[in-house]
file coords08.tsv (TSV, C-alpha atoms)
chain	number	residue	atom	x	y	z
A	1	MET	CA	59.96	85.39	65.56
A	2	LYS	CA	59.73	88.72	67.40
A	3	SER	CA	58.60	91.85	65.60
A	4	VAL	CA	61.43	93.95	64.16
A	5	SER	CA	61.63	97.20	62.21
A	6	ARG	CA	61.56	97.32	58.41
A	7	ARG	CA	65.20	98.38	58.33
A	8	GLU	CA	66.19	95.43	60.50
A	9	ARG	CA	64.17	93.03	58.35
A	10	LEU	CA	65.85	94.35	55.20
A	11	ARG	CA	69.25	94.03	56.83
A	12	GLU	CA	68.55	90.45	57.93
A	13	ALA	CA	67.24	89.47	54.49
A	14	ALA	CA	70.25	90.98	52.71
A	15	PHE	CA	72.67	89.42	55.20
A	16	SER	CA	71.10	85.95	54.90
A	17	ALA	CA	71.07	86.03	51.09
A	18	THR	CA	74.62	87.39	50.82
A	19	ILE	CA	76.19	84.95	53.28
A	20	SER	CA	74.39	82.01	51.67
A	21	ALA	CA	75.51	83.09	48.18
A	22	LEU	CA	79.11	83.33	49.42
A	23	VAL	CA	78.87	79.89	51.03
A	24	CYS	CA	77.53	78.44	47.77
A	25	THR	CA	80.31	80.11	45.78
A	26	GLY	CA	82.96	78.83	48.18
A	27	ILE	CA	81.67	75.26	47.98
A	28	HIS	CA	81.62	75.48	44.19
A	29	LEU	CA	85.23	76.68	44.06
A	30	ALA	CA	86.30	73.96	46.49
A	31	SER	CA	84.41	71.04	44.92
A	32	ALA	CA	85.01	71.72	41.21
A	33	PRO	CA	88.76	70.87	41.30
A	34	LEU	CA	88.02	67.71	43.28
A	35	TRP	CA	85.56	66.49	40.65
A	36	ARG	CA	88.05	67.36	37.91
A	37	LYS	CA	90.71	65.28	39.62
A	38	LYS	CA	88.28	62.41	40.19
A	39	LEU	CA	87.25	62.38	36.53
A	40	GLY	CA	90.80	62.55	35.20
A	41	GLN	CA	92.21	65.11	32.81
A	42	ALA	CA	91.21	63.32	29.60
A	43	ARG	CA	87.58	62.81	30.65
A	44	TYR	CA	87.33	66.35	32.03
A	45	LEU	CA	88.56	67.92	28.79
A	46	SER	CA	86.05	65.85	26.82
A	47	LEU	CA	83.17	67.52	28.68
A	48	SER	CA	81.41	70.56	27.26
A	49	ARG	CA	82.15	73.96	28.78
A	50	ARG	CA	78.74	73.88	30.41
A	51	ASP	CA	79.35	70.48	32.01
A	52	GLN	CA	82.75	71.60	33.29
A	53	LEU	CA	81.06	74.58	34.94
A	54	TYR	CA	78.29	72.43	36.41
A	55	LEU	CA	80.66	69.98	38.10
A	56	GLY	CA	80.73	72.33	41.07
A	57	GLU	CA	77.18	73.59	40.63
A	58	LYS	CA	75.60	70.16	41.08
A	59	THR	CA	77.34	69.78	44.43
A	60	VAL	CA	76.02	73.16	45.56
A	61	ALA	CA	72.53	72.37	44.23
A	62	THR	CA	72.52	69.11	46.20
A	63	LEU	CA	73.51	70.99	49.35
A	64	ASN	CA	70.73	73.49	48.71
A	65	GLY	CA	68.26	70.63	48.36
A	66	LEU	CA	69.33	69.23	51.70
A	67	VAL	CA	69.53	72.54	53.58
A	68	SER	CA	66.67	74.58	52.10
A	69	GLY	CA	64.41	71.60	51.50
A	70	GLY	CA	65.19	70.06	54.89
A	71	LEU	CA	64.62	73.27	56.85
A	72	ALA	CA	61.42	73.98	54.95
A	73	LEU	CA	60.13	70.48	55.62
A	74	TYR	CA	60.88	70.92	59.32
A	75	ALA	CA	59.15	74.32	59.42
A	76	VAL	CA	55.97	72.89	57.92
A	77	ALA	CA	55.97	69.46	59.57
A	78	SER	CA	56.70	70.86	63.05
A	79	GLY	CA	53.38	72.72	63.02
A	80	SER	CA	54.90	76.20	62.94
A	81	TYR	CA	52.06	77.42	60.73
A	82	HIS	CA	49.24	75.65	62.57
A	83	GLY	CA	46.32	78.02	62.99
A	84	ASN	CA	47.96	80.92	61.17
A	85	VAL	CA	49.47	80.83	57.67
A	86	VAL	CA	49.41	84.62	57.37
A	87	THR	CA	51.71	86.08	60.01
A	88	ASN	CA	53.47	83.09	61.60
A	89	TYR	CA	57.16	83.34	60.71
A	90	PRO	CA	59.27	80.52	62.21
A	91	ARG	CA	63.04	80.79	62.47
A	92	SER	CA	63.48	77.55	60.50
A	93	GLY	CA	61.39	79.04	57.70
A	94	HIS	CA	63.57	82.15	57.69
A	95	TRP	CA	66.72	80.05	57.39
A	96	ALA	CA	65.20	78.00	54.57
A	97	LEU	CA	64.27	81.13	52.62
A	98	GLY	CA	67.62	82.74	53.39
A	99	PHE	CA	69.69	79.86	52.08
A	100	PHE	CA	67.44	79.42	49.05
A	101	SER	CA	67.66	83.11	48.15
A	102	GLY	CA	71.47	82.99	48.37
A	103	PHE	CA	71.59	79.82	46.29
A	104	SER	CA	69.32	81.45	43.70
A	105	LEU	CA	71.71	84.40	43.40
A	106	TYR	CA	74.66	82.04	42.97
A	107	ASP	CA	72.86	79.72	40.56
A	108	THR	CA	71.54	82.57	38.41
A	109	THR	CA	75.16	83.66	37.96
A	110	ILE	CA	76.13	80.14	36.92
A	111	MET	CA	73.24	80.04	34.46
A	112	ALA	CA	74.34	83.34	32.92
A	113	LEU	CA	77.89	82.01	32.52
A	114	SER	CA	76.77	78.71	30.99
A	115	VAL	CA	74.39	80.31	28.44
A	116	GLY	CA	71.44	78.51	26.85
A	117	GLU	CA	69.44	77.59	29.95
A	118	PRO	CA	65.69	77.08	29.34
A	119	ILE	CA	63.32	79.96	30.07
A	120	MET	CA	61.55	77.94	32.78
A	121	MET	CA	64.74	77.88	34.83
A	122	TRP	CA	65.10	81.66	34.56
A	123	ILE	CA	61.49	82.06	35.71
A	124	HIS	CA	62.14	79.63	38.56
A	125	HIS	CA	65.23	81.44	39.79
A	126	CYS	CA	64.01	85.03	39.36
A	127	LEU	CA	60.60	84.47	40.94
A	128	GLY	CA	62.10	82.14	43.53
A	129	PHE	CA	64.68	84.68	44.67
A	130	GLY	CA	62.21	87.56	44.59
A	131	GLY	CA	59.60	85.63	46.54
A	132	ALA	CA	62.04	84.35	49.16
A	133	PHE	CA	63.68	87.74	49.67
A	134	LEU	CA	60.39	89.65	49.92
A	135	MET	CA	59.04	87.09	52.40
A	136	MET	CA	62.08	87.65	54.62
A	137	TYR	CA	61.27	91.37	54.46
A	138	TYR	CA	57.47	91.43	54.75
A	139	ARG	CA	57.17	88.27	56.90
A	140	GLU	CA	53.58	87.64	55.82
A	141	TYR	CA	52.33	84.55	53.99
A	142	SER	CA	55.77	82.90	54.33
A	143	PHE	CA	54.02	79.54	54.66
A	144	PHE	CA	53.52	79.40	50.89
A	145	PRO	CA	57.14	79.86	49.71
A	146	VAL	CA	58.43	77.74	52.59
A	147	ALA	CA	56.07	74.89	51.64
A	148	PHE	CA	57.16	75.10	48.00
A	149	THR	CA	60.83	75.10	49.06
A	150	VAL	CA	60.32	71.51	50.27
A	151	THR	CA	60.38	70.53	46.57
A	152	GLU	CA	64.11	71.34	46.49
A	153	LEU	CA	64.66	67.91	48.04
A	154	THR	CA	63.74	66.32	44.71
A	155	VAL	CA	66.84	67.66	42.93
A	156	ILE	CA	69.09	65.24	44.82
A	157	PRO	CA	68.45	62.04	42.79
A	158	TRP	CA	68.74	64.00	39.53
A	159	ASN	CA	72.12	65.43	40.54
A	160	ILE	CA	73.39	61.98	41.47
A	161	MET	CA	72.31	60.75	38.03
A	162	TRP	CA	74.06	63.68	36.38
A	163	TYR	CA	77.36	62.88	38.10
A	164	LEU	CA	77.09	59.18	37.22
A	165	SER	CA	76.57	60.09	33.57
A	166	LYS	CA	79.84	62.07	33.59
A	167	PHE	CA	81.59	58.91	34.71
A	168	ASN	CA	80.09	57.18	31.66
A	169	ILE	CA	77.56	55.13	33.63
A	170	PRO	CA	74.96	54.23	30.95
A	171	ARG	CA	71.29	55.10	31.34
A	172	SER	CA	70.45	51.43	30.90
A	173	SER	CA	72.41	50.46	34.03
A	174	SER	CA	70.50	49.24	37.05
A	175	ILE	CA	71.50	52.15	39.29
A	176	MET	CA	70.47	54.75	36.71
A	177	ARG	CA	67.11	53.10	36.08
A	178	HIS	CA	66.41	52.93	39.79
A	179	LEU	CA	67.37	56.59	40.22
A	180	LEU	CA	65.11	57.59	37.32
A	181	ILE	CA	62.19	55.77	38.91
A	182	PHE	CA	62.99	57.18	42.36
A	183	ARG	CA	63.15	60.70	40.91
A	184	ALA	CA	59.82	60.27	39.15
A	185	ILE	CA	58.21	59.00	42.35
A	186	ALA	CA	59.65	61.93	44.32
A	187	PHE	CA	58.22	64.35	41.77
A	188	LEU	CA	54.83	62.61	41.82
A	189	LEU	CA	54.68	62.63	45.62
A	190	ILE	CA	56.17	66.08	46.29
A	191	ARG	CA	56.26	68.38	43.27
A	192	ALA	CA	53.03	67.43	41.51
A	193	PRO	CA	50.68	67.87	44.51
A	194	ILE	CA	52.55	70.73	46.26
A	195	GLY	CA	50.20	73.42	44.94
A	196	VAL	CA	47.04	71.57	45.94
A	197	THR	CA	48.33	70.43	49.33
A	198	THR	CA	49.62	73.91	50.18
A	199	VAL	CA	46.30	75.56	49.35
A	200	ALA	CA	44.39	72.79	51.15
A	201	TYR	CA	46.45	73.26	54.31
A	202	ALA	CA	46.00	77.04	54.14
A	203	HIS	CA	42.25	76.53	53.72
A	204	LYS	CA	42.11	74.31	56.79
A	205	GLN	CA	44.14	76.72	58.93
A	206	THR	CA	42.13	79.81	57.95
A	207	LYS	CA	38.92	80.61	59.84
A	208	ASP	CA	36.76	81.39	56.81
A	209	GLY	CA	38.65	79.23	54.31
A	210	ILE	CA	40.74	79.80	51.23
A	211	VAL	CA	38.28	82.18	49.54
A	212	ALA	CA	38.48	84.60	52.46
A	213	LEU	CA	42.27	84.20	52.55
A	214	TYR	CA	42.51	84.94	48.82
A	215	ARG	CA	40.44	88.09	49.32
A	216	THR	CA	42.72	89.16	52.15
A	217	MET	CA	45.83	88.52	50.06
A	218	THR	CA	44.69	90.36	46.94
A	219	LYS	CA	43.04	93.31	48.66
A	220	GLY	CA	45.62	93.70	51.40
A	221	ILE	CA	43.05	93.51	54.20
A	222	GLY	CA	45.12	93.93	57.34
A	223	THR	CA	48.25	92.75	55.54
A	224	ASN	CA	50.67	94.03	52.92
A	225	ARG	CA	49.10	93.88	49.46
A	226	ILE	CA	52.46	93.44	47.69
A	227	ALA	CA	53.25	90.39	49.80
A	228	GLY	CA	49.75	88.98	49.29
A	229	ARG	CA	49.52	89.47	45.55
A	230	GLY	CA	53.11	88.35	45.02
A	231	THR	CA	52.35	85.16	46.92
A	232	VAL	CA	49.30	84.47	44.75
A	233	ILE	CA	51.35	84.95	41.57
A	234	ASN	CA	54.28	82.82	42.73
A	235	THR	CA	52.02	80.06	44.06
A	236	THR	CA	50.21	79.88	40.73
A	237	VAL	CA	53.37	79.95	38.58
A	238	PHE	CA	55.27	77.39	40.66
A	239	THR	CA	52.27	75.07	40.76
A	240	ILE	CA	52.26	75.03	36.96
A	241	LEU	CA	56.05	74.66	36.69
A	242	ASN	CA	56.06	71.74	39.12
A	243	LEU	CA	53.38	69.95	37.13
A	244	ILE	CA	55.40	70.43	33.93
A	245	TRP	CA	58.60	69.17	35.56
A	246	THR	CA	56.76	66.17	37.00
A	247	LEU	CA	55.53	65.24	33.54
A	248	GLN	CA	59.09	65.53	32.22
A	249	ALA	CA	60.39	63.33	35.03
A	250	ALA	CA	57.75	60.69	34.28
A	251	LYS	CA	58.60	60.76	30.57
A	252	ALA	CA	62.31	60.43	31.36
A	253	VAL	CA	61.69	56.99	32.85
A	254	LEU	CA	60.63	55.77	29.40
A	255	SER	CA	63.27	57.70	27.47
A	256	LYS	CA	66.48	56.09	26.19
A	257	LYS	CA	68.44	59.34	25.97
A	258	GLN	CA	71.53	59.69	28.11
A	259	VAL	CA	71.31	62.07	31.09
A	260	ARG	CA	72.65	65.51	30.22
call {"tool": "encode", "arguments": {"input": "coords08.tsv", "output": "structure tokens"}}
result
Amino acid sequence: MKSVSRRERLREAAFSATISALVCTGIHLASAPLWRKKLGQARYLSLSRRDQLYLGEKTVATLNGLVSGGLALYAVASGSYHGNVVTNYPRSGHWALGFFSGFSLYDTTIMALSVGEPIMMWIHHCLGFGGAFLMMYYREYSFFPVAFTVTELTVIPWNIMWYLSKFNIPRSSSIMRHLLIFRAIAFLLIRAPIGVTTVAYAHKQTKDGIVALYRTMTKGIGTNRIAGRGTVINTTVFTILNLIWTLQAAKAVLSKKQVR
């Protein structure tokens, strides 16, 4: 992408996040009544308040997985960061971060309304939004958040399972067992190694390796120190969170509890 002023970058970041949040909200409002009708009044009223709220959210989350995850995968796989993971800033990466930041704003609102969400999800959304938004502004080290955004693809099988459970499809059914296994495999192949593979790729694409890149990021040598240090923090935290979630996904395959 061409170089633009700080004011223009801030405007573009705010515009992308706002429009994406509005799109997510609109899809939620449109899909929720359709799911309610599909379930039937009696079944809908038997759901908890949280589940009623999440009928629309799961549709939006699935869309985010497809859009953000798909664009991020394209940005990385197309070689947009080949030779330079510091200042390269592909348009597809910008769109991925823009949609993800808007979804994070929307989803954080849903979480606040539902009450009782685990602390890890709050960390995920707050750091995720902050990292995505700041990357759209600073446009340095965007490779790292874009690469991690690929993991959003793994929410799709879980959301399908969640919907099936609301239609009283038992966990012991063939389709649910296959989805549980597919989800675990997706986590093992994408979420678990994302931290290592991201750092390994950055090491390969940096002239003096990852140690030199780390020094540049933390000391702000020729780049913005806030962007560099923020990237180090987010990369570390999300690597840990993804390992925890992968372990949970693997354990879920052996669990007999119904999907919630």
call {"tool": "residues_around", "arguments": {"input": "coords08.tsv", "residues": "stretch 124-128 of chain A", "least_positions_apart": "2", "cutoff": "12 Å", "atoms": "all atoms listed in the file", "output": "JSON, numbers by chain"}}
result
{"A": [97, 98, 99, 100, 101, 102, 103, 104, 105, 106, 107, 108, 109, 110, 111, 112, 117, 118, 119, 120, 121, 122, 130, 131, 132, 133, 134, 135, 144, 145, 146, 148, 149, 152, 230, 231, 232, 233, 234, 235, 236, 237, 238, 239, 240, 241, 242, 245]}
call {"tool": "atom_distance", "arguments": {"input": "coords08.tsv", "atom1": "atom CA of A:Pro90", "atom2": "atom CA of A:Ala75"}}
result
6.8 Å
call {"tool": "closest_residue", "arguments": {"input": "coords08.tsv", "among": "A:Leu55, A:Ala227, A:Met176, A:Ala249", "to": "A:Phe143", "atoms": "only C-alpha atoms"}}
result
A:Ala227
call {"tool": "axis_aligned_box", "arguments": {"input": "coords08.tsv", "around": "stretch 94-104 of chain A", "padding_each_side": "4 Å", "output": "lines of an AutoDock Vina configuration file"}}
result
center_x = 67.6
center_y = 80.6
center_z = 50.7
size_x = 16.0
size_y = 13.1
size_z = 22.0
call {"tool": "closest_residue", "arguments": {"input": "coords08.tsv", "among": "A:Ser31, A:Thr218, A:Ser165, A:Ser142", "to": "A:Leu53", "atoms": "only C-alpha atoms"}}
result
A:Ser31
call {"tool": "closest_residue", "arguments": {"input": "coords08.tsv", "among": "A:Tyr44, A:Tyr137, A:Leu22, A:Val150", "to": "A:Tyr74", "atoms": "all atoms listed in the file"}}
result
A:Val150
call {"tool": "residues_around", "arguments": {"input": "coords08.tsv", "residues": "A:Leu189", "least_positions_apart": "2", "cutoff": "12 Å", "atoms": "all atoms listed in the file", "output": "PyMOL selection string"}}
result
chain A and resi 150-151+153-154+182-187+191-197+242-243+246+250
call {"tool": "residues_around", "arguments": {"input": "coords08.tsv", "residues": "stretch 3-10 of chain A", "least_positions_apart": "3", "cutoff": "7 Å", "atoms": "only C-alpha atoms", "output": "list in words"}}
result
Ala13, Ala14, Met136 and Tyr137 of chain A
call {"tool": "atom_distance", "arguments": {"input": "coords08.tsv", "atom1": "atom CA of A:Ala77", "atom2": "atom CA of A:His94"}}
result
14.9 Å
call {"tool": "atom_distance", "arguments": {"input": "coords08.tsv", "atom1": "atom CA of A:Ile156", "atom2": "atom CA of A:Ala61"}}
result
7.9 Å
call {"tool": "closest_residue", "arguments": {"input": "coords08.tsv", "among": "A:Asn84, A:Ser92, A:Ser46, A:Gln52", "to": "A:Val67", "atoms": "all atoms listed in the file"}}
result
A:Ser92
call {"tool": "decode", "arguments": {"input": "coords08.tsv", "residues": "stretch 29-111 of chain A", "atoms": "C-alpha atoms", "output": "PDB file, in the first residue's frame"}}
result
ATOM      1  CA  LEU A  29     -30.275  -8.335  13.825  1.00  0.00           C
ATOM      2  CA  ALA A  30     -31.266  -9.998  10.550  1.00  0.00           C
ATOM      3  CA  SER A  31     -30.257 -13.576  11.426  1.00  0.00           C
ATOM      4  CA  ALA A  32     -31.485 -13.797  15.031  1.00  0.00           C
ATOM      5  CA  PRO A  33     -35.230 -13.740  14.134  1.00  0.00           C
ATOM      6  CA  LEU A  34     -34.633 -16.337  11.420  1.00  0.00           C
ATOM      7  CA  TRP A  35     -33.015 -18.720  13.890  1.00  0.00           C
ATOM      8  CA  ARG A  36     -35.835 -18.090  16.368  1.00  0.00           C
ATOM      9  CA  LYS A  37     -38.395 -18.995  13.727  1.00  0.00           C
ATOM     10  CA  LYS A  38     -36.418 -22.073  12.686  1.00  0.00           C
ATOM     11  CA  LEU A  39     -36.186 -23.313  16.272  1.00  0.00           C
ATOM     12  CA  GLY A  40     -39.851 -22.718  17.048  1.00  0.00           C
ATOM     13  CA  GLN A  41     -41.280 -20.647  19.861  1.00  0.00           C
ATOM     14  CA  ALA A  42     -41.285 -23.406  22.486  1.00  0.00           C
ATOM     15  CA  ARG A  43     -37.653 -24.401  21.892  1.00  0.00           C
ATOM     16  CA  TYR A  44     -36.532 -20.767  21.700  1.00  0.00           C
ATOM     17  CA  LEU A  45     -38.124 -19.890  25.044  1.00  0.00           C
ATOM     18  CA  SER A  46     -36.455 -22.913  26.639  1.00  0.00           C
ATOM     19  CA  LEU A  47     -33.016 -21.485  25.830  1.00  0.00           C
ATOM     20  CA  SER A  48     -31.106 -19.396  28.346  1.00  0.00           C
ATOM     21  CA  ARG A  49     -30.936 -15.645  27.842  1.00  0.00           C
ATOM     22  CA  ARG A  50     -27.318 -16.038  26.788  1.00  0.00           C
ATOM     23  CA  ASP A  51     -28.153 -18.664  24.166  1.00  0.00           C
ATOM     24  CA  GLN A  52     -30.966 -16.516  22.789  1.00  0.00           C
ATOM     25  CA  LEU A  53     -28.504 -13.652  22.396  1.00  0.00           C
ATOM     26  CA  TYR A  54     -25.889 -15.887  20.770  1.00  0.00           C
ATOM     27  CA  LEU A  55     -28.234 -17.213  18.081  1.00  0.00           C
ATOM     28  CA  GLY A  56     -27.293 -14.198  15.989  1.00  0.00           C
ATOM     29  CA  GLU A  57     -23.744 -13.920  17.316  1.00  0.00           C
ATOM     30  CA  LYS A  58     -22.706 -17.370  16.088  1.00  0.00           C
ATOM     31  CA  THR A  59     -23.759 -16.449  12.563  1.00  0.00           C
ATOM     32  CA  VAL A  60     -21.684 -13.267  12.718  1.00  0.00           C
ATOM     33  CA  ALA A  61     -18.727 -15.135  14.250  1.00  0.00           C
ATOM     34  CA  THR A  62     -18.856 -17.665  11.416  1.00  0.00           C
ATOM     35  CA  LEU A  63     -18.842 -14.848   8.873  1.00  0.00           C
ATOM     36  CA  ASN A  64     -15.872 -13.285  10.647  1.00  0.00           C
ATOM     37  CA  GLY A  65     -14.049 -16.605  10.479  1.00  0.00           C
ATOM     38  CA  LEU A  66     -14.621 -16.789   6.747  1.00  0.00           C
ATOM     39  CA  VAL A  67     -13.865 -13.136   5.952  1.00  0.00           C
ATOM     40  CA  SER A  68     -11.077 -12.253   8.396  1.00  0.00           C
ATOM     41  CA  GLY A  69      -9.525 -15.704   8.390  1.00  0.00           C
ATOM     42  CA  GLY A  70      -9.829 -16.074   4.623  1.00  0.00           C
ATOM     43  CA  LEU A  71      -8.337 -12.662   3.829  1.00  0.00           C
ATOM     44  CA  ALA A  72      -5.527 -13.214   6.318  1.00  0.00           C
ATOM     45  CA  LEU A  73      -4.734 -16.602   4.814  1.00  0.00           C
ATOM     46  CA  TYR A  74      -4.614 -15.039   1.351  1.00  0.00           C
ATOM     47  CA  ALA A  75      -2.360 -12.206   2.545  1.00  0.00           C
ATOM     48  CA  VAL A  76       0.158 -14.645   4.003  1.00  0.00           C
ATOM     49  CA  ALA A  77      -0.075 -17.428   1.405  1.00  0.00           C
ATOM     50  CA  SER A  78       0.179 -15.021  -1.546  1.00  0.00           C
ATOM     51  CA  GLY A  79       3.686 -14.023  -0.458  1.00  0.00           C
ATOM     52  CA  SER A  80       2.781 -10.442   0.445  1.00  0.00           C
ATOM     53  CA  TYR A  81       5.271 -10.509   3.315  1.00  0.00           C
ATOM     54  CA  HIS A  82       8.070 -12.306   1.473  1.00  0.00           C
ATOM     55  CA  GLY A  83      11.372 -10.618   2.225  1.00  0.00           C
ATOM     56  CA  ASN A  84       9.897  -8.020   4.577  1.00  0.00           C
ATOM     57  CA  VAL A  85       7.702  -8.702   7.620  1.00  0.00           C
ATOM     58  CA  VAL A  86       8.332  -5.244   9.057  1.00  0.00           C
ATOM     59  CA  THR A  87       6.911  -2.662   6.670  1.00  0.00           C
ATOM     60  CA  ASN A  88       5.038  -4.650   4.008  1.00  0.00           C
ATOM     61  CA  TYR A  89       1.343  -3.841   4.361  1.00  0.00           C
ATOM     62  CA  PRO A  90      -0.854  -5.618   1.780  1.00  0.00           C
ATOM     63  CA  ARG A  91      -4.387  -4.458   1.062  1.00  0.00           C
ATOM     64  CA  SER A  92      -5.765  -7.926   1.862  1.00  0.00           C
ATOM     65  CA  GLY A  93      -4.082  -7.742   5.266  1.00  0.00           C
ATOM     66  CA  HIS A  94      -5.661  -4.346   5.891  1.00  0.00           C
ATOM     67  CA  TRP A  95      -9.109  -5.702   5.061  1.00  0.00           C
ATOM     68  CA  ALA A  96      -8.570  -8.712   7.321  1.00  0.00           C
ATOM     69  CA  LEU A  97      -7.556  -6.502  10.246  1.00  0.00           C
ATOM     70  CA  GLY A  98     -10.353  -4.044   9.509  1.00  0.00           C
ATOM     71  CA  PHE A  99     -13.101  -6.645   9.562  1.00  0.00           C
ATOM     72  CA  PHE A 100     -11.637  -8.361  12.611  1.00  0.00           C
ATOM     73  CA  SER A 101     -11.421  -5.088  14.549  1.00  0.00           C
ATOM     74  CA  GLY A 102     -15.066  -4.301  13.736  1.00  0.00           C
ATOM     75  CA  PHE A 103     -16.137  -7.803  14.714  1.00  0.00           C
ATOM     76  CA  SER A 104     -14.216  -7.461  17.982  1.00  0.00           C
ATOM     77  CA  LEU A 105     -16.091  -4.253  18.797  1.00  0.00           C
ATOM     78  CA  TYR A 106     -19.411  -5.929  18.051  1.00  0.00           C
ATOM     79  CA  ASP A 107     -18.568  -9.144  19.888  1.00  0.00           C
ATOM     80  CA  THR A 108     -17.266  -7.336  22.965  1.00  0.00           C
ATOM     81  CA  THR A 109     -20.662  -5.632  23.186  1.00  0.00           C
ATOM     82  CA  ILE A 110     -22.403  -9.002  22.948  1.00  0.00           C
ATOM     83  CA  MET A 111     -20.145 -10.390  25.664  1.00  0.00           C
TER      84      MET A 111
END
